[in-house]
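Asks: Sharing a structure below in structure tokens format, with a few things to ask.
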Amino acid sequence: MEPQSTILPPQEVPAAPKKIKSDSAFKNIALTLAIIIAAPLTALLITSFLFQSYEVFGPSMQSTLQNGDRLIVVKAPRTWAKIRGKDYQPARGEIIVFTKTDLLIGGESGNKQLIKRVIALPGEKVVVKDGIVTVFSAARPEGFVPDKEGSWADTIQKTAIDGTWTVGANEVFVCGDNRDNSLDSRSFGPVHERDI
């Protein structure tokens, strides 16, 4: 006997819910606006607190840095110090960017951002005599020549400017590596931490 086949009546398949086009369009617009707002805010936060791009202008840091060099400056250590409620203190030999107010360069006066090397720290005395920079500190009262001990020593020439400076609290003494062609702490004194 042959098996009989039975045909079942067709069952109704539930229809898919209809999407509301206006809801989808609203979500797309909202997402696009969020991206447009978030991108510049993220860039602003990054350049304010983490990293910032600078271009070297002038010969004051030659031969370490050349005119036109592009730099990415790391701001994170300074930001972290502020978050912890502490003062930011760069290390000797570090290259820093700082703002100097009311500085006259090339006939123009105003706020200028400069890039220099940290030579002396708070509480130290800097003596420049016969072209040699000597730093006197509590740890080394006999004095030392940072330009001979630092990793940058091969790039430094003697300086024509003589003088004596005492670095105050929350200050650093900075010089350009091209000592004969640099406007730095030998001209305007130590730089305060808040300007770095």
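By convention here, the chains of the structure tokens are called A, B, ... in the order presented, each chain's residues are numbered starting at 1, and ligands are numbered starting at 1 in the order presented.
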As a short mmCIF file (atom, residue, chain, number, x, y, z; two decimals) with all heavy atoms, in the first residue's frame, please: every residue in region 95-157 of chain A that DSSP puts in alpha helix (DSSP H).
Replies:
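Dumped to result-v2.cif:
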data_model
loop_
_atom_site.label_atom_id
_atom_site.label_comp_id
_atom_site.auth_asym_id
_atom_site.auth_seq_id
_atom_site.Cartn_x
_atom_site.Cartn_y
_atom_site.Cartn_z
N PRO A 146 76.71 72.02 33.25
CA PRO A 146 75.73 71.09 32.67
C PRO A 146 75.98 70.83 31.19
O PRO A 146 75.66 69.76 30.68
CB PRO A 146 74.38 71.77 32.91
CG PRO A 146 74.69 73.20 33.17
CD PRO A 146 76.07 73.26 33.73
N ASP A 147 76.57 71.80 30.50
CA ASP A 147 76.82 71.62 29.07
C ASP A 147 77.89 70.58 28.79
O ASP A 147 77.99 70.08 27.68
CB ASP A 147 77.23 72.96 28.44
CG ASP A 147 76.07 73.95 28.42
OD1 ASP A 147 74.91 73.51 28.53
OD2 ASP A 147 76.34 75.16 28.30
N LYS A 148 78.71 70.25 29.78
CA LYS A 148 79.72 69.20 29.59
C LYS A 148 79.20 67.84 30.03
O LYS A 148 79.67 66.82 29.58
CB LYS A 148 81.00 69.54 30.36
CG LYS A 148 81.76 70.69 29.75
CD LYS A 148 83.07 70.90 30.45
CE LYS A 148 83.82 72.05 29.78
NZ LYS A 148 85.06 72.37 30.48
N GLU A 149 78.23 67.84 30.95
CA GLU A 149 77.72 66.58 31.51
C GLU A 149 76.48 66.07 30.80
O GLU A 149 76.18 64.89 30.85
CB GLU A 149 77.40 66.77 33.00
CG GLU A 149 78.62 67.10 33.82
CD GLU A 149 78.30 67.30 35.29
OE1 GLU A 149 77.15 67.05 35.70
OE2 GLU A 149 79.21 67.69 36.04
#
Asks: Pick out the residues sitting within 12 Å of Ala169 (chain A), and hand them over as an NGL selection string; count only C-alpha atoms, and ignore anything fewer than 6 positions along from it in its own chain.
Replies: :A and (87-89 or 120-124 or 190-194)
Asks: Those residues you just picked out, can you put them in a file as a short mmCIF file (atom, residue, chain, number, x, y, z; two decimals), in the first residue's frame with C-alpha atoms?
Replies:
data_model
loop_
_atom_site.label_atom_id
_atom_site.label_comp_id
_atom_site.auth_asym_id
_atom_site.auth_seq_id
_atom_site.Cartn_x
_atom_site.Cartn_y
_atom_site.Cartn_z
CA ASP A 87 53.72 71.94 40.52
CA TYR A 88 55.18 70.65 37.28
CA GLN A 89 58.97 70.56 37.39
CA ALA A 120 69.05 75.01 36.12
CA LEU A 121 66.31 74.14 38.62
CA PRO A 122 64.71 75.95 41.60
CA GLY A 123 67.15 77.08 44.28
CA GLU A 124 70.19 76.86 42.02
CA PRO A 190 64.19 82.37 34.81
CA VAL A 191 60.88 81.03 33.49
CA HIS A 192 58.01 80.36 35.90
CA GLU A 193 56.35 76.91 35.92
CA ARG A 194 52.93 78.37 35.07
#
Asks: Can you measure CA of Phe26 (chain A) to CA of Ala39 (chain A) for me? One decimal in Å is fine.
Replies: 20.1 Å
Asks: Any idea what's packed within 8 Å of Phe49 (chain A), counting only C-alpha atoms, ignoring anything in its chain fewer than 2 positions away? Could you give it as a count of residues only?
Replies: 7
Asks: If you run DSSP on the backbone here, which positions in region 44-180 of chain A get strand (DSSP E or B)? Please write them as a ChimeraX atom specification.
Replies: /A:51-55,70-74,95-105,108-120,125-129,132-136,144,163-166,171-175
Asks: Kindly export the residues of the current selection with N, CA and C atoms, as a compact mmCIF listing (two decimals), in the first residue's frame.
Replies:
# COMPACT_ATOMS: atom_id res chain seq x y z
N PHE A 51 48.89 66.23 24.01
CA PHE A 51 49.91 66.45 22.97
C PHE A 51 49.57 67.71 22.19
N GLN A 52 50.61 68.35 21.66
CA GLN A 52 50.38 69.48 20.77
C GLN A 52 51.51 69.55 19.77
N SER A 53 51.17 69.93 18.56
CA SER A 53 52.15 70.06 17.49
C SER A 53 52.70 71.48 17.48
N TYR A 54 54.02 71.58 17.29
CA TYR A 54 54.68 72.88 17.19
C TYR A 54 55.64 72.85 16.00
N GLU A 55 55.91 74.03 15.47
CA GLU A 55 56.93 74.16 14.44
C GLU A 55 58.04 75.05 14.98
N ARG A 70 59.16 70.01 12.75
CA ARG A 70 57.84 69.83 13.39
C ARG A 70 58.03 68.96 14.62
N LEU A 71 57.42 69.35 15.72
CA LEU A 71 57.53 68.63 16.98
C LEU A 71 56.16 68.26 17.51
N ILE A 72 56.09 67.13 18.19
CA ILE A 72 54.91 66.78 18.98
C ILE A 72 55.35 66.90 20.43
N VAL A 73 54.79 67.87 21.13
CA VAL A 73 55.15 68.13 22.52
C VAL A 73 54.19 67.36 23.42
N VAL A 74 54.75 66.61 24.36
CA VAL A 74 53.95 65.83 25.30
C VAL A 74 53.60 66.70 26.50
N ILE A 95 63.91 69.64 26.92
CA ILE A 95 63.54 70.75 26.04
C ILE A 95 62.08 71.05 26.29
N ILE A 96 61.79 72.32 26.57
CA ILE A 96 60.43 72.72 26.92
C ILE A 96 59.95 73.83 25.98
N VAL A 97 58.63 73.98 25.92
CA VAL A 97 57.99 75.10 25.23
C VAL A 97 57.31 75.93 26.31
N PHE A 98 57.50 77.24 26.25
CA PHE A 98 56.89 78.11 27.25
C PHE A 98 56.46 79.41 26.58
N THR A 99 55.59 80.13 27.28
CA THR A 99 55.11 81.42 26.79
C THR A 99 55.83 82.53 27.54
N LYS A 100 56.37 83.45 26.78
CA LYS A 100 57.02 84.62 27.38
C LYS A 100 56.19 85.84 27.00
N THR A 101 55.74 86.59 28.00
CA THR A 101 54.88 87.73 27.75
C THR A 101 55.71 88.98 27.46
N ASP A 102 55.14 89.87 26.67
CA ASP A 102 55.74 91.17 26.34
C ASP A 102 57.18 91.05 25.87
N LEU A 103 57.42 90.12 24.98
CA LEU A 103 58.76 89.89 24.44
C LEU A 103 58.87 90.57 23.08
N LEU A 104 59.95 91.27 22.86
CA LEU A 104 60.17 91.97 21.60
C LEU A 104 61.09 91.14 20.72
N ILE A 105 60.52 90.62 19.61
CA ILE A 105 61.29 89.82 18.65
C ILE A 105 60.98 90.34 17.26
N GLU A 108 58.39 93.09 16.74
CA GLU A 108 57.02 92.85 17.20
C GLU A 108 57.04 92.51 18.69
N SER A 109 56.13 93.14 19.42
CA SER A 109 56.03 92.89 20.86
C SER A 109 54.76 92.09 21.13
N GLY A 110 54.82 91.26 22.16
CA GLY A 110 53.64 90.48 22.54
C GLY A 110 54.04 89.16 23.17
N ASN A 111 53.05 88.29 23.34
CA ASN A 111 53.30 86.96 23.90
C ASN A 111 53.91 86.07 22.83
N LYS A 112 55.00 85.41 23.16
CA LYS A 112 55.68 84.52 22.21
C LYS A 112 55.88 83.17 22.87
N GLN A 113 55.75 82.12 22.08
CA GLN A 113 56.07 80.78 22.56
C GLN A 113 57.49 80.46 22.11
N LEU A 114 58.32 80.07 23.08
CA LEU A 114 59.72 79.79 22.82
C LEU A 114 60.02 78.34 23.19
N ILE A 115 61.05 77.80 22.54
CA ILE A 115 61.49 76.44 22.85
C ILE A 115 62.96 76.52 23.26
N LYS A 116 63.27 76.01 24.47
CA LYS A 116 64.63 76.08 25.02
C LYS A 116 64.90 74.83 25.86
N ARG A 117 66.15 74.72 26.30
CA ARG A 117 66.57 73.59 27.14
C ARG A 117 66.69 74.05 28.60
N VAL A 118 66.22 73.22 29.54
CA VAL A 118 66.32 73.52 30.96
C VAL A 118 67.77 73.29 31.40
N ILE A 119 68.36 74.33 31.98
CA ILE A 119 69.75 74.28 32.43
C ILE A 119 69.85 74.21 33.95
N ALA A 120 68.98 74.97 34.65
CA ALA A 120 69.05 75.01 36.12
C ALA A 120 67.64 74.93 36.70
N LYS A 125 71.95 78.42 41.54
CA LYS A 125 72.55 79.68 41.09
C LYS A 125 73.27 79.40 39.77
N VAL A 126 73.06 80.27 38.79
CA VAL A 126 73.69 80.13 37.48
C VAL A 126 74.69 81.26 37.30
N VAL A 127 75.92 80.90 36.97
CA VAL A 127 76.96 81.88 36.69
C VAL A 127 77.49 81.62 35.28
N VAL A 128 77.43 82.65 34.44
CA VAL A 128 78.00 82.56 33.10
C VAL A 128 79.20 83.50 33.07
N LYS A 129 80.37 82.90 32.86
CA LYS A 129 81.60 83.70 32.84
C LYS A 129 82.56 83.09 31.83
N ILE A 132 81.33 80.14 29.70
CA ILE A 132 80.98 78.86 30.32
C ILE A 132 79.82 79.05 31.29
N VAL A 133 78.79 78.17 31.20
CA VAL A 133 77.66 78.19 32.12
C VAL A 133 77.96 77.22 33.26
N THR A 134 77.97 77.73 34.50
CA THR A 134 78.22 76.91 35.69
C THR A 134 77.00 77.01 36.60
N VAL A 135 76.56 75.86 37.12
CA VAL A 135 75.40 75.81 38.02
C VAL A 135 75.88 75.38 39.40
N PHE A 136 75.47 76.14 40.43
CA PHE A 136 75.79 75.83 41.81
C PHE A 136 74.50 75.41 42.50
N PHE A 144 79.00 72.87 38.79
CA PHE A 144 79.21 71.94 37.68
C PHE A 144 78.77 72.61 36.39
N GLY A 163 76.92 86.78 33.33
CA GLY A 163 75.97 87.22 34.35
C GLY A 163 75.78 86.18 35.43
N THR A 164 75.00 86.55 36.45
CA THR A 164 74.68 85.66 37.56
C THR A 164 73.18 85.74 37.83
N TRP A 165 72.54 84.59 37.98
CA TRP A 165 71.10 84.51 38.23
C TRP A 165 70.84 83.48 39.32
N THR A 166 69.83 83.75 40.14
CA THR A 166 69.36 82.76 41.12
C THR A 166 67.98 82.32 40.69
N GLU A 171 60.57 77.90 39.33
CA GLU A 171 61.17 78.47 38.14
C GLU A 171 62.24 77.53 37.58
N VAL A 172 62.58 77.74 36.32
CA VAL A 172 63.72 77.05 35.70
C VAL A 172 64.50 78.08 34.88
N PHE A 173 65.78 77.81 34.71
CA PHE A 173 66.65 78.65 33.89
C PHE A 173 66.85 77.92 32.57
N VAL A 174 66.56 78.59 31.46
CA VAL A 174 66.59 77.94 30.15
C VAL A 174 67.57 78.65 29.22
N CYS A 175 68.16 77.86 28.31
CA CYS A 175 69.04 78.40 27.28
C CYS A 175 68.77 77.67 25.97
Asks: Mind giving me the straight-line distance from CA of Val167 (chain A) to CA of Ala81 (chain A) in Å, one decimal?
Replies: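 Pair CA of Val167 (chain A) / CA of Ala81 (chain A) returns 20.6 Å.
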